[in-house]
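> There's a structure below that I have some questions on.
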Amino acid sequence: MDSRHEAVTRQFGRVLTAMVTPFTDDGALDVEGAARLANYLIDAGSDGLVVNGTTGEAPTTTDSEKLELLRTVVNAVGSRARVIAGVGTNDTAHTVQLARSAQAAGAHGLLVVTPYYNKPPQSGLIRHFTAAADATELPVMLYDIPGRSGVAIETDTLVRLAEHRQIVAVKDAKGDLGATSWVMARSDLAYYSGEDMLNLPLLSIGAVGFVSVVAHVAAARLRELLDAYQAGEVVRAAALHRSLLPAYTGIFRTQGVISVKAALASADLPAGPVRSPLTDATAHQREVLAADLAAADISMITAQS
């Protein structure tokens, strides 16, 4: 890992959990639960937490809830981990506002997703991401996920954005290892896997870490995989990757937050219900998830939960 990438991992961490937002039974933000869950995830092996992202149900939380959650997690973890705030929306002015609020609340970095639904051209993406990066002094991780946003951040666009001093990393959920390889070859952007099934393949072309949903239940194993690969123990890393395949599959049989909240609730950890239009896991989905996690030697959830 080169010196710039080492600096980025100090800013963001290496194994980041894309943290769920705990709610109470009546659907309100569970502040005490968020603090407890944040500490649990760090104790379990995460050195970074992403709050107010996709898995945090950001599309259905208010700005005030986002800010309260962020402050809660920052205060709970202290210096033990990095806290990255998801601030991306499909409205540039709103994204800038959220970025400034996140900096004031103590976030260590920003995650900015590609604007979704309105399908801007690449010139619009450059303007949007640049405005978000200009809004604060925090390091920015772009989130490239065309399956959700409807628009990919093209290679030339990423290379141009890499010239901005605050834009230092990418959460890659594009699923195009060729395109990602070209960006790595033409820029200093630090890449994080944003798709758990591709954690090891992305390491093999130069990724520095993970922003993971599965880390809710397997952070220590993911750290072991990362450490093994970076130590040159490729065969061991591959074995760990294969051992986690059932968990990767199981968590994403339905929307990831649905599965993760079911797993956390079964272990008496803060989770609560999901917000509409998502729906909570059915008894059958919990049963299948239990089998999937057991196949990965993860006993957090039981079929009786």
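Chain lettering (A, B, ...) mirrors the order of the structure tokens, residue numbering begins at 1 for each chain separately, and ligand numbering begins at 1 in order of display.
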Enumerate the residues of segment 71-240 of chain A with a DSSP assignment of alpha helix (DSSP H), computed from the backbone, and present them as JSON, numbers by chain.

{"A": [71, 72, 73, 74, 75, 76, 77, 92, 93, 94, 95, 96, 97, 98, 99, 100, 101, 102, 103, 104, 122, 123, 124, 125, 126, 127, 128, 129, 130, 131, 132, 133, 134, 146, 147, 148, 149, 155, 156, 157, 158, 159, 160, 161, 177, 178, 179, 180, 181, 182, 183, 184, 185, 186, 199, 200, 201, 202, 203, 204, 215, 216, 217, 218, 219, 220, 221, 222, 223, 224, 225, 226, 227, 228, 229, 230, 234, 235, 236, 237, 238, 239, 240]}

> For the contact check between segment 247-286 of chain A and segment 56-79 of chain A, emit one row per residue of segment 247-286 of chain A within 9 Å, containing the shortest atom pair and the distance in Å rounded to one decimal, counting only C-alpha atoms, chain then rising number order, as a Markdown table.


```
| residue | atom | partner | partner_atom | distance |
| --- | --- | --- | --- | --- |
| A:Val257 | CA | A:Gly56 | CA | 7.5 |
| A:Val274 | CA | A:Glu57 | CA | 8.0 |
| A:Arg275 | CA | A:Thr60 | CA | 6.9 |
| A:Ser276 | CA | A:Thr60 | CA | 7.9 |
| A:Pro277 | CA | A:Thr60 | CA | 8.8 |
```

> Just to be explicit: take each residue in the selection above, keep N, CA, C and O atoms, and write the result as a tab-separated table (two decimals), in the first residue's frame.


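Listing of result.tsv after writing:
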```tsv
chain	number	residue	atom	x	y	z
A	257	VAL	N	-30.53	-4.49	4.64
A	257	VAL	CA	-30.89	-4.01	5.97
A	257	VAL	C	-31.97	-4.89	6.59
A	257	VAL	O	-31.99	-5.08	7.82
A	274	VAL	N	-37.76	-2.11	10.27
A	274	VAL	CA	-37.38	-1.26	9.14
A	274	VAL	C	-38.52	-0.29	8.87
A	274	VAL	O	-39.65	-0.49	9.32
A	275	ARG	N	-38.22	0.78	8.15
A	275	ARG	CA	-39.25	1.75	7.80
A	275	ARG	C	-39.80	1.46	6.41
A	275	ARG	O	-39.08	1.07	5.51
A	276	SER	N	-41.11	1.68	6.27
A	276	SER	CA	-41.77	1.54	4.99
A	276	SER	C	-41.11	2.50	3.97
A	276	SER	O	-40.72	3.62	4.34
A	277	PRO	N	-40.91	2.04	2.73
A	277	PRO	CA	-41.54	0.91	2.07
A	277	PRO	C	-40.83	-0.43	2.25
A	277	PRO	O	-41.25	-1.41	1.63
```

> If you measure from atom CA of Asp176 of chain A to atom CA of Ile251 of chain A, what distance in Å do you get, rounded to one decimal?

21.4 Å

> Which residues come within 10 Å of Met197 of chain A, counting only C-alpha atoms, excluding same-chain residues fewer than 3 positions away, as a list in words?

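These residues fall inside the cut-off: Gly175, Ser193, Gly194, Leu200, Pro201, Leu202, Ser212, Val214, His241, Arg242, Leu244, Leu245, Pro246, Ala247, Tyr248, Thr249 and Phe252 of chain A.
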
> Step one, run DSSP on the backbone; step two, keep only residues of segment 73-298 of chain A assigned to strand (DSSP E); then write them as a list in words.

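These are the residues in question: Arg82, Val83, Ile84, Ala85, Gly86, Gly109, Leu110, Leu111, Val112, Val113, Val140, Met141, Leu142, Tyr143, Asp144, Ile167, Val168, Ala169, Val170, Lys171, Asp172, Ala190, Tyr191, Tyr192, Ser193, Gly209, Phe210, Val211 and Ser212 of chain A.
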
> Considering only C-alpha atoms, state which residue in the set A:Leu41, A:Val170, A:Ala133, A:Ile205 is at the smallest distance from Ala220 of chain A.

A:Leu41

> Hey, which of A:Val8, A:Val87, A:Val208, A:Ala185 ends up closest to Gln166 of chain A? Count only C-alpha atoms.

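When distances to Gln166 of chain A are compared using only C-alpha atoms, the smallest one comes from A:Val8.
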
> Determine the nearest neighbour of Gly250 of chain A from the options A:Leu293, A:Val234, A:Val217, A:Leu203, counting only C-alpha atoms.

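Going through A:Leu293, A:Val234, A:Val217, A:Leu203 one by one, the smallest distance to Gly250 of chain A is for A:Leu293.
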
> Kindly assemble as a tab-separated table a list of the segment 82-185 of chain A residues that lie within 9 Å of segment 16-33 of chain A, each paired with its nearest atom pair and their distance in Å to one decimal, using only C-alpha atoms, sorted first by chain and then by ascending residue number.


```
residue	atom	partner	partner_atom	distance
A:Arg82	CA	A:Leu16	CA	8.5
A:Val83	CA	A:Leu16	CA	8.9
A:Ile84	CA	A:Leu16	CA	9.0
```

> As a PyMOL selection string, please: the residues near Thr114 of chain A (cut-off 7 Å, only C-alpha atoms, same-chain neighbours under 3 positions excluded).

chain A and resi 143-144+149

> Please produce a file of the residues just selected, as a CSV table (one decimal), in the first residue's frame, where the atoms kept are N, CA and C atoms.


```csv
chain,number,residue,atom,x,y,z
A,143,TYR,N,-19.4,7.3,-3.8
A,143,TYR,CA,-20.1,6.0,-3.7
A,143,TYR,C,-20.7,5.7,-5.1
A,144,ASP,N,-20.0,4.8,-5.8
A,144,ASP,CA,-20.4,4.5,-7.2
A,144,ASP,C,-21.2,3.2,-7.2
A,149,SER,N,-28.3,4.0,-8.3
A,149,SER,CA,-28.4,5.4,-8.7
A,149,SER,C,-28.9,5.6,-10.2
```

> For Val113 of chain A, work out the shell of residues within 9 Å, counting only C-alpha atoms and skipping chain neighbours fewer than 6 positions away, then give it as a PyMOL selection string.

chain A and resi 53+86-90+129+141-145+149+171

> Could you take the residues named above and write them with all heavy atoms, as a CSV table (one decimal), in the first residue's frame?


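Listed below is the output, part04.csv:
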```csv
chain,number,residue,atom,x,y,z
A,53,GLY,N,-26.2,5.8,5.7
A,53,GLY,CA,-26.1,5.3,4.3
A,53,GLY,C,-27.3,4.5,3.9
A,53,GLY,O,-28.3,4.6,4.5
A,86,GLY,N,-22.9,9.5,5.7
A,86,GLY,CA,-23.5,9.5,4.4
A,86,GLY,C,-24.3,10.8,4.3
A,86,GLY,O,-25.2,11.1,5.1
A,87,VAL,N,-24.0,11.6,3.2
A,87,VAL,CA,-24.6,12.9,3.0
A,87,VAL,C,-25.2,13.0,1.6
A,87,VAL,O,-25.7,14.0,1.3
A,87,VAL,CB,-23.7,14.0,3.3
A,87,VAL,CG1,-23.2,14.0,4.8
A,87,VAL,CG2,-22.5,14.0,2.4
A,88,GLY,N,-25.1,12.0,0.8
A,88,GLY,CA,-25.5,12.1,-0.6
A,88,GLY,C,-27.0,12.1,-0.8
A,88,GLY,O,-27.7,11.3,-0.1
A,89,THR,N,-27.4,12.9,-1.6
A,89,THR,CA,-28.8,13.0,-2.1
A,89,THR,C,-28.8,13.2,-3.6
A,89,THR,O,-27.8,13.4,-4.2
A,89,THR,CB,-29.6,14.1,-1.3
A,89,THR,OG1,-29.3,15.4,-1.9
A,89,THR,CG2,-29.4,14.1,0.2
A,90,ASN,N,-30.0,13.4,-4.1
A,90,ASN,CA,-30.1,13.8,-5.6
A,90,ASN,C,-30.3,15.3,-5.7
A,90,ASN,O,-30.7,15.7,-6.8
A,90,ASN,CB,-31.1,12.9,-6.3
A,90,ASN,CG,-32.6,13.2,-5.7
A,90,ASN,OD1,-32.7,13.8,-4.7
A,90,ASN,ND2,-33.5,12.6,-6.4
A,129,PHE,N,-20.4,16.5,-7.1
A,129,PHE,CA,-19.4,16.0,-6.2
A,129,PHE,C,-18.4,17.1,-5.8
A,129,PHE,O,-17.9,17.1,-4.7
A,129,PHE,CB,-18.6,14.8,-6.8
A,129,PHE,CG,-19.4,13.5,-6.9
A,129,PHE,CD1,-19.5,12.8,-8.1
A,129,PHE,CD2,-20.1,13.0,-5.8
A,129,PHE,CE1,-20.3,11.7,-8.2
A,129,PHE,CE2,-20.8,11.8,-5.9
A,129,PHE,CZ,-20.9,11.2,-7.1
A,141,MET,N,-15.4,10.2,0.3
A,141,MET,CA,-15.4,8.9,-0.4
A,141,MET,C,-16.7,9.0,-1.3
A,141,MET,O,-17.8,9.2,-0.8
A,141,MET,CB,-15.6,7.8,0.6
A,141,MET,CG,-15.6,6.4,0.0
A,141,MET,SD,-16.0,5.1,1.2
A,141,MET,CE,-14.5,5.1,2.2
A,142,LEU,N,-16.4,8.9,-2.6
A,142,LEU,CA,-17.5,8.8,-3.6
A,142,LEU,C,-18.1,7.4,-3.5
A,142,LEU,O,-17.4,6.4,-3.2
A,142,LEU,CB,-17.0,9.0,-5.0
A,142,LEU,CG,-16.2,10.3,-5.2
A,142,LEU,CD1,-15.8,10.4,-6.7
A,142,LEU,CD2,-17.1,11.5,-4.9
A,143,TYR,N,-19.4,7.3,-3.8
A,143,TYR,CA,-20.1,6.0,-3.7
A,143,TYR,C,-20.7,5.7,-5.1
A,143,TYR,O,-21.6,6.3,-5.5
A,143,TYR,CB,-21.2,6.0,-2.7
A,143,TYR,CG,-21.9,4.7,-2.4
A,143,TYR,CD1,-21.5,3.5,-3.0
A,143,TYR,CD2,-23.0,4.7,-1.6
A,143,TYR,CE1,-22.1,2.3,-2.7
A,143,TYR,CE2,-23.7,3.5,-1.3
A,143,TYR,CZ,-23.2,2.3,-1.9
A,143,TYR,OH,-23.9,1.1,-1.6
A,144,ASP,N,-20.0,4.8,-5.8
A,144,ASP,CA,-20.4,4.5,-7.2
A,144,ASP,C,-21.2,3.2,-7.2
A,144,ASP,O,-20.7,2.1,-7.1
A,144,ASP,CB,-19.1,4.3,-8.0
A,144,ASP,CG,-19.3,4.2,-9.5
A,144,ASP,OD1,-20.4,4.4,-10.0
A,144,ASP,OD2,-18.3,3.9,-10.2
A,145,ILE,N,-22.5,3.4,-7.4
A,145,ILE,CA,-23.4,2.2,-7.3
A,145,ILE,C,-24.5,2.4,-8.3
A,145,ILE,O,-25.7,2.7,-8.0
A,145,ILE,CB,-24.0,2.0,-5.9
A,145,ILE,CG1,-24.9,0.8,-5.8
A,145,ILE,CG2,-24.7,3.3,-5.4
A,145,ILE,CD1,-25.2,0.3,-4.4
A,149,SER,N,-28.3,4.0,-8.3
A,149,SER,CA,-28.4,5.4,-8.7
A,149,SER,C,-28.9,5.6,-10.2
A,149,SER,O,-29.4,6.6,-10.5
A,149,SER,CB,-27.1,6.1,-8.6
A,149,SER,OG,-26.1,5.5,-9.5
A,171,LYS,N,-16.1,4.2,-2.7
A,171,LYS,CA,-16.8,2.9,-2.3
A,171,LYS,C,-17.4,2.3,-3.6
A,171,LYS,O,-18.2,2.9,-4.3
A,171,LYS,CB,-17.9,3.2,-1.3
A,171,LYS,CG,-18.7,1.9,-1.0
A,171,LYS,CD,-19.9,2.2,0.0
A,171,LYS,CE,-20.7,0.9,0.2
A,171,LYS,NZ,-21.9,1.2,1.1
```

> Considering only C-alpha atoms, return as a PyMOL selection string whatever protein or nucleic-acid residues lie within 7 Å of Leu161 of chain A, sequence-local ones (same chain, fewer than 4 positions apart) excluded.

chain A and resi 126+157+167

> Export N, CA and C atoms of the chosen residues as a PDB file, in the first residue's frame?


```pdb
ATOM      1  N   ILE A 126     -19.756  15.760 -11.930  1.00  0.00           N
ATOM      2  CA  ILE A 126     -18.555  16.506 -11.542  1.00  0.00           C
ATOM      3  C   ILE A 126     -18.940  17.730 -10.728  1.00  0.00           C
ATOM      4  N   THR A 157     -14.508  10.521 -15.541  1.00  0.00           N
ATOM      5  CA  THR A 157     -15.069  11.388 -14.509  1.00  0.00           C
ATOM      6  C   THR A 157     -14.367  11.157 -13.172  1.00  0.00           C
ATOM      7  N   ILE A 167     -11.317  14.761  -2.373  1.00  0.00           N
ATOM      8  CA  ILE A 167     -11.887  13.511  -2.884  1.00  0.00           C
ATOM      9  C   ILE A 167     -10.769  12.476  -2.949  1.00  0.00           C
TER      10      ILE A 167
END
```

> Pick from A:His5, A:Asp227, A:Lys174, A:Ala93: nearest to Ser187 of chain A, with only C-alpha atoms counted?

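Of all the options, A:His5 lies closest to Ser187 of chain A.
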